Amino acid sequence: MPGTENRSTSFRVQDELAEIRRYEDFSTIDWVKDATLERYRQSSSSTSMRQTTDQTWAEWTRTMFETFQSWIVVCLVGAAIGFNSALIAIVTNWLSDIKIGYCSNAWWLNKKFCCWEIEEEHDICELWTPWSDALGLGHDTYVVNWFMYIVMATLFAATCAHMVKTFAPYAAGSGISEIKCIIAGFVMRGFLGGWTLVMKSIGLTMAVASNLSIGKEGPSVHMACCVGNVISRCFQKFRSSKAEMREILTASSAAGVAVAFGSPIGGVLFALEEMSTTFPNRTMWKSFFCAMIATMVLQAMNPFRTGKLVLFQVSYDREWHFFEYTFVIIIGIFGGLYGALVIKYNVIVAQLRKKYIRDYPVMEAAFLAFITAVIAYPNVFLRIDMTEIMGILFRECEGVEGEDYSGLCQPSQMARLVFLLLMATIMRTLGTIVTYGARVPCGIFVPSMAIGATFGRMIGLMVKSWHMASPDFFLFSSCRPDMPCITPGTYAFLGAAAALCGVMRITVSVVVIMFELTGQITYILPTMITLMVTRAVGDWFGSGGIAERYIRLNGYPFLDNDDHVFGVPVSHVMQTDLCVLPSNALTVGAIEEMLRNTNYRGFPVVHDQSSMLLLGYIGRTELRYLINRARKMNNANANTRCLFRPDTEDIEVLTEMPNDGGHVIYGSSEVINLGPYVDQTPITVHPKLYLETVMDMFKQLGPRVILLEEHGKLVGLVTVKDVLKYIVHLENADNPHEFESPALGRIMAWVTQQTGSNDSHPYRRVNTRISEEAVELDQR
């Protein structure tokens with residue numbers, strides 16, 4: 001029907017306009033400018049140290065502190081991260097067990113510590129009191145315990161969501177997507193604050209204890225970066241240098257993963273593979289040192305009293321058989337399919353959540369916890385904490401650490417166990433799709449690993465049952481008769497690695513994490529094969545893990561590492577309606593009016609608006625500071641002329657903005673010259689340069705803006721936001737229905753207005769390439 005088609009077209013237009021418009025409000029860090037300021041600060045500090053003749057102990061102490069300040073901060077950050085992680089582990093275990101009962105002689109102990117070294121018949125601990133016994137409603141009554149389990153889980157989730165909504169909205173979610181953008185230069189004020197750290201630490205314990213299909217390993221990265229930000233901002237060096245702060249945040253993210261998995265090397269590789277787009281040697285060493293300190297503190301506190309850093313740390317001592325690679329490939333395929341399924345439908349759920357229930361986070365969390373508790377309690381593999389169940393599923397049935405949890409090692413229970421594991425895999429997957437992204441602290445690492453562990457253990461039990469039924473089958477000819485041939489725990493281990501790789505699309509760091517969890521080199525090759533199959537299957541459905549999808553969903557200005565082929569010059573996306581500063585035609589009042597009426601982060605400086613001869617670039621913050629200082633020091637008024645003539649060879653660099661003294665504004669109350677503070681060497685390119693090359697410059701150099709000049713004349717500028725808006729346009733235009741829609745012209749007109757282009761088609765292809773390049777692009 002025409003009316004329905006028009007409404008559908010209107011909705012598509014509004015959706016695309018919203019996707020393009022959301023990039024307008026963000027602020028990013030100019031890494032080129034920050035690097036210049038940092039080099040100037042270091043040069044000034046070195047010059048001051050060489051010129052001083054004071055050799056007192058105070059001067060020596062100051063010099064040594066300046067030299068080792070970064071390592072002191074990294075050490076403090078690592079220790080604080082390890083301490084916070086241990087506290088969260090202890091509280092989470094207690095809250096998880098309090099849903100099913102309490103310790104009669106010490107209520108503050110969880111079930112494991114309450115029954116420590118107590119051996120009773122039929123695995124019964126007399127000191128642990130179920131809620132049915134405590135309420136006098138019968139001894140270990142199933143229905144009463146189930147009811148209390150549901151009530152406790154719902155209460156924990158509702159309380160957590162209420163705290164997050166009221167005190168720290170940034171504490172919700174995983175935080176990995178936002179941390180990636182912050183490390184890349186995106187400014188998100190308050191996201192790494194102390195109050196966010198407190199609320200996320202408290203809320204995470206209740207969210208995990210509510211048995212929602214979420215984990216604490218993802219949020220541990222956010223909390224670690226909060227710790228790094230809070231501690232480092234106590235030092236002037238890190239408050240004034242964004243590059244130094246970026247190194248601290250990268251090291252903090254490595255330490256967060258290190259304490260989450262008990263894997264310091266894996267944490268460093270995770271920061272390299274997933275978090276940071278810039279990873280020089282000094283950042284690697286700081287990340288390594290921070291992860292090491294955090295792991296040492298966690299091990300010293302020993303929160304589980306077992307000497308292990310995590311509950312699911314295991315060790316294997318059996319050989320791997322060649323025929324088992326067939327099942328390794330099956331597990332790898334499952335990991336890829338699981339990742340594609342979760343990413344696709346969780347993003348859909350997140351969109352629906354934003355559209356319909358974003359104003360009801362407490363009710364949503366309580367409802368999800370209620371449904372999860374109702375479904376989880378009857379299944380022994382869903383009832384207890386996910387990290388604990390992974391530790392059970394990873395273990396061998398034989399040996400000192402063997403554990404026959406709910407008949408897991410009894411051949412007679414094989415059919416029942418396979419059914420329970422299959423249902424646990426399905427229900428946990430559905431729960432993860434619906435729950436991840438709710439307005440509570442939530443991660444997806446451990447839920448994915450738990451799902452992979454239940455699936456892998458199910459495959460392992462089926463293979464073991466097959467071997468026991470047909471030991472003479474040709475596949476099992478390499479099995480030794482004097483020892484078990486199939487170890488189902490290793491299949492659970494590989495399944496956990498596959499599911500984690502499938503949803504996050506990381507490989508190398510997962511292999512190292514799994515190696516550090518087992519301490520055995522025997523299973524590195526099967527793990528590598530599993531992850532390669534998982535990555536291949538997952539990438540067949542689409543590149544990028546769930547963190548990248550959430551970055552795109554939230555519209556953060558982040559350029560991914562994928563290679564793009566646009567086939568257009570940078571003039572295709574540049575802004576031409578520019579707000580420039582003539583070198584001698586403005587007054588203080590006119591500049592202040594410009595600052596009030598615009599929100600640009602900087603302004604190109606030109607000789608005059610008729611010639612548009614480019615002289616340099618000055619940032620908004622510096623310009624506002626200089627104008628205020630001129631009013632104070634030079635008695636400037638609204639009619640004072642402002643010149644931007646960088647005639648002197650000594651260019652001033654604003655490394656700090658003091659309250660008095662310091663930077664001198666050249667001139668008088670009638671005329672002031674701000675030319676020495678203009679950046680005379682901004683990054684400039686020719687309008688015919690490939691857009692792909694400009695995109696690489698944004699990724700590797702990190703400028704906030706790139707100016708386009710032709711024969712010395714300023715013709716436009718381009719920012720990361722312009723590139724992202726163009727990518728959004730191309731991806732929406734890939735839908736053929738969008739091309740047939742008459743409303744596409746309205747989108748083009750809106751983009752034209754935003755970019756300041758006078759052409760009727762702002763994204764028209766410009767024929768500026770030589771014939772050979774044009775032929776090559778046409779072939780591609």
# chains A, B, ... in the order shown; residues from 1 in each chain; ligands from 1

$ residues_around --residues "A:Phe327" --least-positions-apart "3" --cutoff "9 Å" --atoms "only C-alpha atoms" --output "list in words"
Phe323, Glu324, Ile330, Ile331, Gly332, Ile459, Gly460, Val463 and Tyr491 of chain A

$ residues_around --residues "stretch 709-711 of chain A" --least-positions-apart "5" --cutoff "8 Å" --atoms "only C-alpha atoms" --output "PyMOL selection string"
chain A and resi 614+684-687+716

$ residues_around --residues "stretch 579-594 of chain A" --least-positions-apart "5" --cutoff "8 Å" --atoms "only C-alpha atoms" --output "list in words"
Phe603, Pro604, Val605, Val606, His607, Asp608, Gln609, Arg624, Ile627, Ala636, Asn637, Ala638, Asn639, Thr640, Arg641, Cys642, Leu643, Phe644 and Arg645 of chain A

$ residues_around --residues "A:Ile329" --least-positions-apart "2" --cutoff "12 Å" --atoms "only C-alpha atoms" --output "list of chain:residue names"
A:Phe323, A:Glu324, A:Tyr325, A:Thr326, A:Phe327, A:Ile331, A:Gly332, A:Ile333, A:Phe334, A:Gly335, A:Gly336, A:Gly456, A:Ile459, A:Tyr491, A:Leu494, A:Gly495, A:Ala498, A:Pro526, A:Thr527, A:Met528, A:Ile529, A:Thr530, A:Leu531, A:Met532, A:Val533, A:Thr534, A:Arg535, A:Ala536, A:Val537

$ write_last_selection --atoms "N, CA and C atoms" --output "short mmCIF file (atom, residue, chain, number, x, y, z; two decimals), in the first residue's frame"
data_model
loop_
_atom_site.label_atom_id
_atom_site.label_comp_id
_atom_site.auth_asym_id
_atom_site.auth_seq_id
_atom_site.Cartn_x
_atom_site.Cartn_y
_atom_site.Cartn_z
N PHE A 323 42.78 -38.54 16.60
CA PHE A 323 41.39 -38.65 16.14
C PHE A 323 40.49 -37.61 16.79
N GLU A 324 40.93 -37.02 17.90
CA GLU A 324 40.08 -36.05 18.58
C GLU A 324 40.04 -34.71 17.87
N TYR A 325 40.90 -34.51 16.86
CA TYR A 325 40.84 -33.26 16.11
C TYR A 325 39.51 -33.11 15.37
N THR A 326 38.88 -34.22 15.05
CA THR A 326 37.55 -34.14 14.42
C THR A 326 36.57 -33.42 15.33
N PHE A 327 36.59 -33.77 16.59
CA PHE A 327 35.67 -33.15 17.54
C PHE A 327 36.13 -31.73 17.91
N ILE A 331 33.72 -28.44 17.75
CA ILE A 331 33.63 -27.42 18.80
C ILE A 331 33.96 -26.04 18.24
N GLY A 332 34.95 -25.97 17.35
CA GLY A 332 35.28 -24.69 16.73
C GLY A 332 34.13 -24.13 15.90
N ILE A 333 33.47 -25.01 15.15
CA ILE A 333 32.30 -24.56 14.38
C ILE A 333 31.21 -24.06 15.30
N PHE A 334 30.99 -24.74 16.41
CA PHE A 334 29.99 -24.28 17.38
C PHE A 334 30.34 -22.88 17.90
N GLY A 335 31.64 -22.66 18.20
CA GLY A 335 32.04 -21.35 18.71
C GLY A 335 31.75 -20.24 17.72
N GLY A 336 32.04 -20.47 16.43
CA GLY A 336 31.77 -19.46 15.43
C GLY A 336 30.29 -19.19 15.26
N GLY A 456 30.90 -28.23 25.26
CA GLY A 456 32.08 -29.08 25.11
C GLY A 456 32.02 -30.30 26.00
N ILE A 459 29.76 -32.81 24.39
CA ILE A 459 30.44 -33.54 23.31
C ILE A 459 31.42 -34.56 23.89
N TYR A 491 37.35 -31.20 26.61
CA TYR A 491 36.39 -30.71 25.62
C TYR A 491 35.65 -29.48 26.15
N LEU A 494 38.06 -26.57 25.75
CA LEU A 494 38.13 -26.07 24.38
C LEU A 494 36.83 -25.36 23.99
N GLY A 495 35.70 -25.87 24.47
CA GLY A 495 34.44 -25.22 24.19
C GLY A 495 34.38 -23.82 24.77
N ALA A 498 36.45 -21.59 22.54
CA ALA A 498 35.79 -21.34 21.26
C ALA A 498 34.67 -20.31 21.40
N PRO A 526 45.62 -28.03 20.04
CA PRO A 526 44.15 -28.15 19.89
C PRO A 526 43.42 -26.83 20.10
N THR A 527 43.91 -26.02 21.04
CA THR A 527 43.27 -24.72 21.27
C THR A 527 43.43 -23.82 20.07
N MET A 528 44.62 -23.81 19.47
CA MET A 528 44.84 -22.99 18.29
C MET A 528 43.95 -23.43 17.13
N ILE A 529 43.84 -24.72 16.93
CA ILE A 529 43.00 -25.22 15.83
C ILE A 529 41.54 -24.85 16.08
N THR A 530 41.09 -25.01 17.31
CA THR A 530 39.71 -24.66 17.65
C THR A 530 39.43 -23.19 17.37
N LEU A 531 40.34 -22.32 17.78
CA LEU A 531 40.11 -20.88 17.61
C LEU A 531 40.22 -20.46 16.15
N MET A 532 41.08 -21.10 15.38
CA MET A 532 41.17 -20.77 13.97
C MET A 532 39.87 -21.12 13.25
N VAL A 533 39.31 -22.29 13.57
CA VAL A 533 38.02 -22.67 12.97
C VAL A 533 36.92 -21.71 13.43
N THR A 534 36.93 -21.38 14.71
CA THR A 534 35.93 -20.45 15.24
C THR A 534 36.01 -19.10 14.55
N ARG A 535 37.21 -18.57 14.43
CA ARG A 535 37.37 -17.25 13.80
C ARG A 535 36.95 -17.28 12.33
N ALA A 536 37.29 -18.37 11.63
CA ALA A 536 36.92 -18.47 10.21
C ALA A 536 35.40 -18.52 10.06
N VAL A 537 34.73 -19.31 10.88
CA VAL A 537 33.27 -19.40 10.81
C VAL A 537 32.64 -18.07 11.20
#

$ closest_residue --among "A:Met245, A:Met148, A:Val310, A:Met633" --to "A:Ala184" --atoms "only C-alpha atoms"
A:Met245

$ closest_atom_pairs --of "stretch 296-368 of chain A" --to "stretch 187-207 of chain A" --cutoff "12 Å" --atoms "only C-alpha atoms" --output "Markdown table"
| residue | atom | partner | partner_atom | distance |
| --- | --- | --- | --- | --- |
| A:Val362 | CA | A:Ala207 | CA | 11.9 |
| A:Ala365 | CA | A:Ala207 | CA | 9.0 |
| A:Ala366 | CA | A:Ala207 | CA | 10.4 |
| A:Leu368 | CA | A:Ala207 | CA | 11.1 |

$ closest_residue --among "A:Met390, A:Lys286, A:Arg239, A:Pro484" --to "A:Ile72" --atoms "only C-alpha atoms"
A:Lys286

$ residues_around --residues "A:Leu701" --least-positions-apart "5" --cutoff "12 Å" --atoms "only C-alpha atoms" --output "list of chain:residue names"
A:Ile29, A:Asp30, A:Trp31, A:Val32, A:Lys33, A:Asp34, A:Ala35, A:Ala184, A:Gly185, A:Thr277, A:Thr278, A:Ile683, A:Thr693, A:Val694, A:Met695, A:Asp696, A:Ile706

$ residues_around --residues "A:Val570" --least-positions-apart "4" --cutoff "6 Å" --atoms "only C-alpha atoms" --output "PDB file with N, CA and C atoms, in the first residue's frame"
ATOM      1  N   PRO A 687      43.330  18.057  -1.745  1.00  0.00           N
ATOM      2  CA  PRO A 687      41.955  17.543  -1.869  1.00  0.00           C
ATOM      3  C   PRO A 687      41.829  16.286  -2.715  1.00  0.00           C
ATOM      4  N   LEU A 689      43.816  13.696  -2.573  1.00  0.00           N
ATOM      5  CA  LEU A 689      44.396  12.528  -1.908  1.00  0.00           C
ATOM      6  C   LEU A 689      43.314  11.487  -1.639  1.00  0.00           C
ATOM      7  N   TYR A 690      43.705  10.213  -1.705  1.00  0.00           N
ATOM      8  CA  TYR A 690      42.750   9.137  -1.467  1.00  0.00           C
ATOM      9  C   TYR A 690      42.126   9.268  -0.076  1.00  0.00           C
ATOM     10  N   LEU A 691      40.836   9.032   0.032  1.00  0.00           N
ATOM     11  CA  LEU A 691      40.165   9.037   1.327  1.00  0.00           C
ATOM     12  C   LEU A 691      40.684   7.908   2.209  1.00  0.00           C
TER      13      LEU A 691
END

$ decode --residues "stretch 318-334 of chain A" --atoms "all heavy atoms" --output "tab-separated table (two decimals), in the first residue's frame"
chain	number	residue	atom	x	y	z
A	318	ARG	N	47.29	-35.58	30.61
A	318	ARG	CA	47.06	-36.66	29.64
A	318	ARG	C	47.39	-36.19	28.24
A	318	ARG	O	47.33	-35.00	27.93
A	318	ARG	CB	45.61	-37.14	29.71
A	318	ARG	CG	45.26	-37.76	31.06
A	318	ARG	CD	43.82	-38.17	31.13
A	318	ARG	NE	43.46	-38.66	32.45
A	318	ARG	CZ	42.24	-38.91	32.85
A	318	ARG	NH1	41.22	-38.70	32.04
A	318	ARG	NH2	42.00	-39.35	34.07
A	319	GLU	N	47.72	-37.15	27.40
A	319	GLU	CA	48.07	-36.85	26.02
A	319	GLU	C	46.81	-36.64	25.18
A	319	GLU	O	45.73	-37.10	25.53
A	319	GLU	CB	48.91	-37.99	25.43
A	319	GLU	CG	50.25	-38.18	26.10
A	319	GLU	CD	51.17	-36.99	25.89
A	319	GLU	OE1	51.04	-36.33	24.84
A	319	GLU	OE2	52.00	-36.71	26.78
A	320	TRP	N	47.01	-35.96	24.09
A	320	TRP	CA	45.92	-35.70	23.15
A	320	TRP	C	46.04	-36.65	21.98
A	320	TRP	O	47.13	-36.90	21.48
A	320	TRP	CB	45.99	-34.25	22.67
A	320	TRP	CG	44.80	-33.82	21.87
A	320	TRP	CD1	44.69	-33.79	20.51
A	320	TRP	CD2	43.55	-33.35	22.37
A	320	TRP	NE1	43.46	-33.35	20.13
A	320	TRP	CE2	42.74	-33.06	21.26
A	320	TRP	CE3	43.05	-33.13	23.65
A	320	TRP	CZ2	41.44	-32.58	21.39
A	320	TRP	CZ3	41.76	-32.65	23.77
A	320	TRP	CH2	40.97	-32.38	22.66
A	321	HIS	N	44.92	-37.23	21.54
A	321	HIS	CA	44.92	-38.20	20.45
A	321	HIS	C	44.57	-37.51	19.13
A	321	HIS	O	43.76	-36.58	19.10
A	321	HIS	CB	43.93	-39.32	20.73
A	321	HIS	CG	44.22	-40.06	22.01
A	321	HIS	ND1	43.64	-39.72	23.21
A	321	HIS	CD2	45.04	-41.12	22.25
A	321	HIS	CE1	44.07	-40.53	24.15
A	321	HIS	NE2	44.93	-41.39	23.60
A	322	PHE	N	45.13	-38.04	18.06
A	322	PHE	CA	44.95	-37.41	16.76
A	322	PHE	C	43.49	-37.46	16.31
A	322	PHE	O	43.00	-36.51	15.68
A	322	PHE	CB	45.85	-38.10	15.72
A	322	PHE	CG	45.84	-37.43	14.39
A	322	PHE	CD1	46.59	-36.29	14.16
A	322	PHE	CD2	45.07	-37.94	13.35
A	322	PHE	CE1	46.58	-35.66	12.92
A	322	PHE	CE2	45.05	-37.31	12.12
A	322	PHE	CZ	45.80	-36.17	11.90
A	323	PHE	N	42.78	-38.54	16.60
A	323	PHE	CA	41.39	-38.65	16.14
A	323	PHE	C	40.49	-37.61	16.79
A	323	PHE	O	39.40	-37.31	16.27
A	323	PHE	CB	40.85	-40.06	16.40
A	323	PHE	CG	40.60	-40.37	17.85
A	323	PHE	CD1	39.37	-40.03	18.44
A	323	PHE	CD2	41.55	-41.02	18.63
A	323	PHE	CE1	39.12	-40.32	19.77
A	323	PHE	CE2	41.31	-41.29	19.95
A	323	PHE	CZ	40.10	-40.95	20.53
A	324	GLU	N	40.93	-37.02	17.90
A	324	GLU	CA	40.08	-36.05	18.58
A	324	GLU	C	40.04	-34.71	17.87
A	324	GLU	O	39.21	-33.85	18.21
A	324	GLU	CB	40.58	-35.85	20.02
A	324	GLU	CG	40.39	-37.09	20.90
A	324	GLU	CD	40.86	-36.87	22.32
A	324	GLU	OE1	42.09	-36.98	22.55
A	324	GLU	OE2	40.02	-36.58	23.19
A	325	TYR	N	40.90	-34.51	16.86
A	325	TYR	CA	40.84	-33.26	16.11
A	325	TYR	C	39.51	-33.11	15.37
A	325	TYR	O	39.08	-31.99	15.08
A	325	TYR	CB	42.01	-33.17	15.14
A	325	TYR	CG	43.32	-32.88	15.82
A	325	TYR	CD1	44.39	-33.77	15.75
A	325	TYR	CD2	43.50	-31.70	16.55
A	325	TYR	CE1	45.59	-33.51	16.38
A	325	TYR	CE2	44.70	-31.43	17.18
A	325	TYR	CZ	45.74	-32.34	17.09
A	325	TYR	OH	46.93	-32.07	17.72
A	326	THR	N	38.88	-34.22	15.05
A	326	THR	CA	37.55	-34.14	14.42
A	326	THR	C	36.57	-33.42	15.33
A	326	THR	O	35.80	-32.55	14.89
A	326	THR	CB	37.04	-35.54	14.09
A	326	THR	OG1	37.97	-36.21	13.25
A	326	THR	CG2	35.67	-35.47	13.40
A	327	PHE	N	36.59	-33.77	16.59
A	327	PHE	CA	35.67	-33.15	17.54
A	327	PHE	C	36.13	-31.73	17.91
A	327	PHE	O	35.30	-30.89	18.28
A	327	PHE	CB	35.58	-34.03	18.79
A	327	PHE	CG	35.26	-35.47	18.47
A	327	PHE	CD1	36.24	-36.45	18.59
A	327	PHE	CD2	34.00	-35.83	18.01
A	327	PHE	CE1	35.96	-37.78	18.28
A	327	PHE	CE2	33.71	-37.15	17.69
A	327	PHE	CZ	34.69	-38.12	17.82
A	328	VAL	N	37.43	-31.49	17.78
A	328	VAL	CA	37.93	-30.13	17.96
A	328	VAL	C	37.32	-29.20	16.91
A	328	VAL	O	36.90	-28.07	17.20
A	328	VAL	CB	39.47	-30.11	17.89
A	328	VAL	CG1	39.99	-28.68	17.74
A	328	VAL	CG2	40.07	-30.74	19.13
A	329	ILE	N	37.27	-29.67	15.68
A	329	ILE	CA	36.69	-28.87	14.60
A	329	ILE	C	35.20	-28.63	14.85
A	329	ILE	O	34.68	-27.52	14.62
A	329	ILE	CB	36.93	-29.56	13.24
A	329	ILE	CG1	38.43	-29.60	12.93
A	329	ILE	CG2	36.16	-28.87	12.13
A	329	ILE	CD1	38.77	-30.38	11.68
A	330	ILE	N	34.50	-29.65	15.35
A	330	ILE	CA	33.07	-29.48	15.67
A	330	ILE	C	32.89	-28.40	16.73
A	330	ILE	O	32.01	-27.54	16.62
A	330	ILE	CB	32.48	-30.82	16.12
A	330	ILE	CG1	32.49	-31.83	14.97
A	330	ILE	CG2	31.06	-30.63	16.66
A	330	ILE	CD1	32.02	-33.22	15.37
A	331	ILE	N	33.72	-28.44	17.75
A	331	ILE	CA	33.63	-27.42	18.80
A	331	ILE	C	33.96	-26.04	18.24
A	331	ILE	O	33.32	-25.03	18.61
A	331	ILE	CB	34.57	-27.79	19.97
A	331	ILE	CG1	34.07	-29.05	20.66
A	331	ILE	CG2	34.67	-26.64	20.98
A	331	ILE	CD1	35.01	-29.59	21.75
A	332	GLY	N	34.95	-25.97	17.35
A	332	GLY	CA	35.28	-24.69	16.73
A	332	GLY	C	34.13	-24.13	15.90
A	332	GLY	O	33.84	-22.93	15.94
A	333	ILE	N	33.47	-25.01	15.15
A	333	ILE	CA	32.30	-24.56	14.38
A	333	ILE	C	31.21	-24.06	15.30
A	333	ILE	O	30.57	-23.02	15.03
A	333	ILE	CB	31.78	-25.72	13.49
A	333	ILE	CG1	32.83	-26.06	12.43
A	333	ILE	CG2	30.46	-25.36	12.85
A	333	ILE	CD1	32.48	-27.30	11.62
A	334	PHE	N	30.99	-24.74	16.41
A	334	PHE	CA	29.99	-24.28	17.38
A	334	PHE	C	30.34	-22.88	17.90
A	334	PHE	O	29.47	-22.01	18.01
A	334	PHE	CB	29.90	-25.25	18.55
A	334	PHE	CG	29.18	-24.68	19.74
A	334	PHE	CD1	27.79	-24.62	19.77
A	334	PHE	CD2	29.88	-24.19	20.83
A	334	PHE	CE1	27.12	-24.07	20.86
A	334	PHE	CE2	29.23	-23.65	21.93
A	334	PHE	CZ	27.85	-23.59	21.94
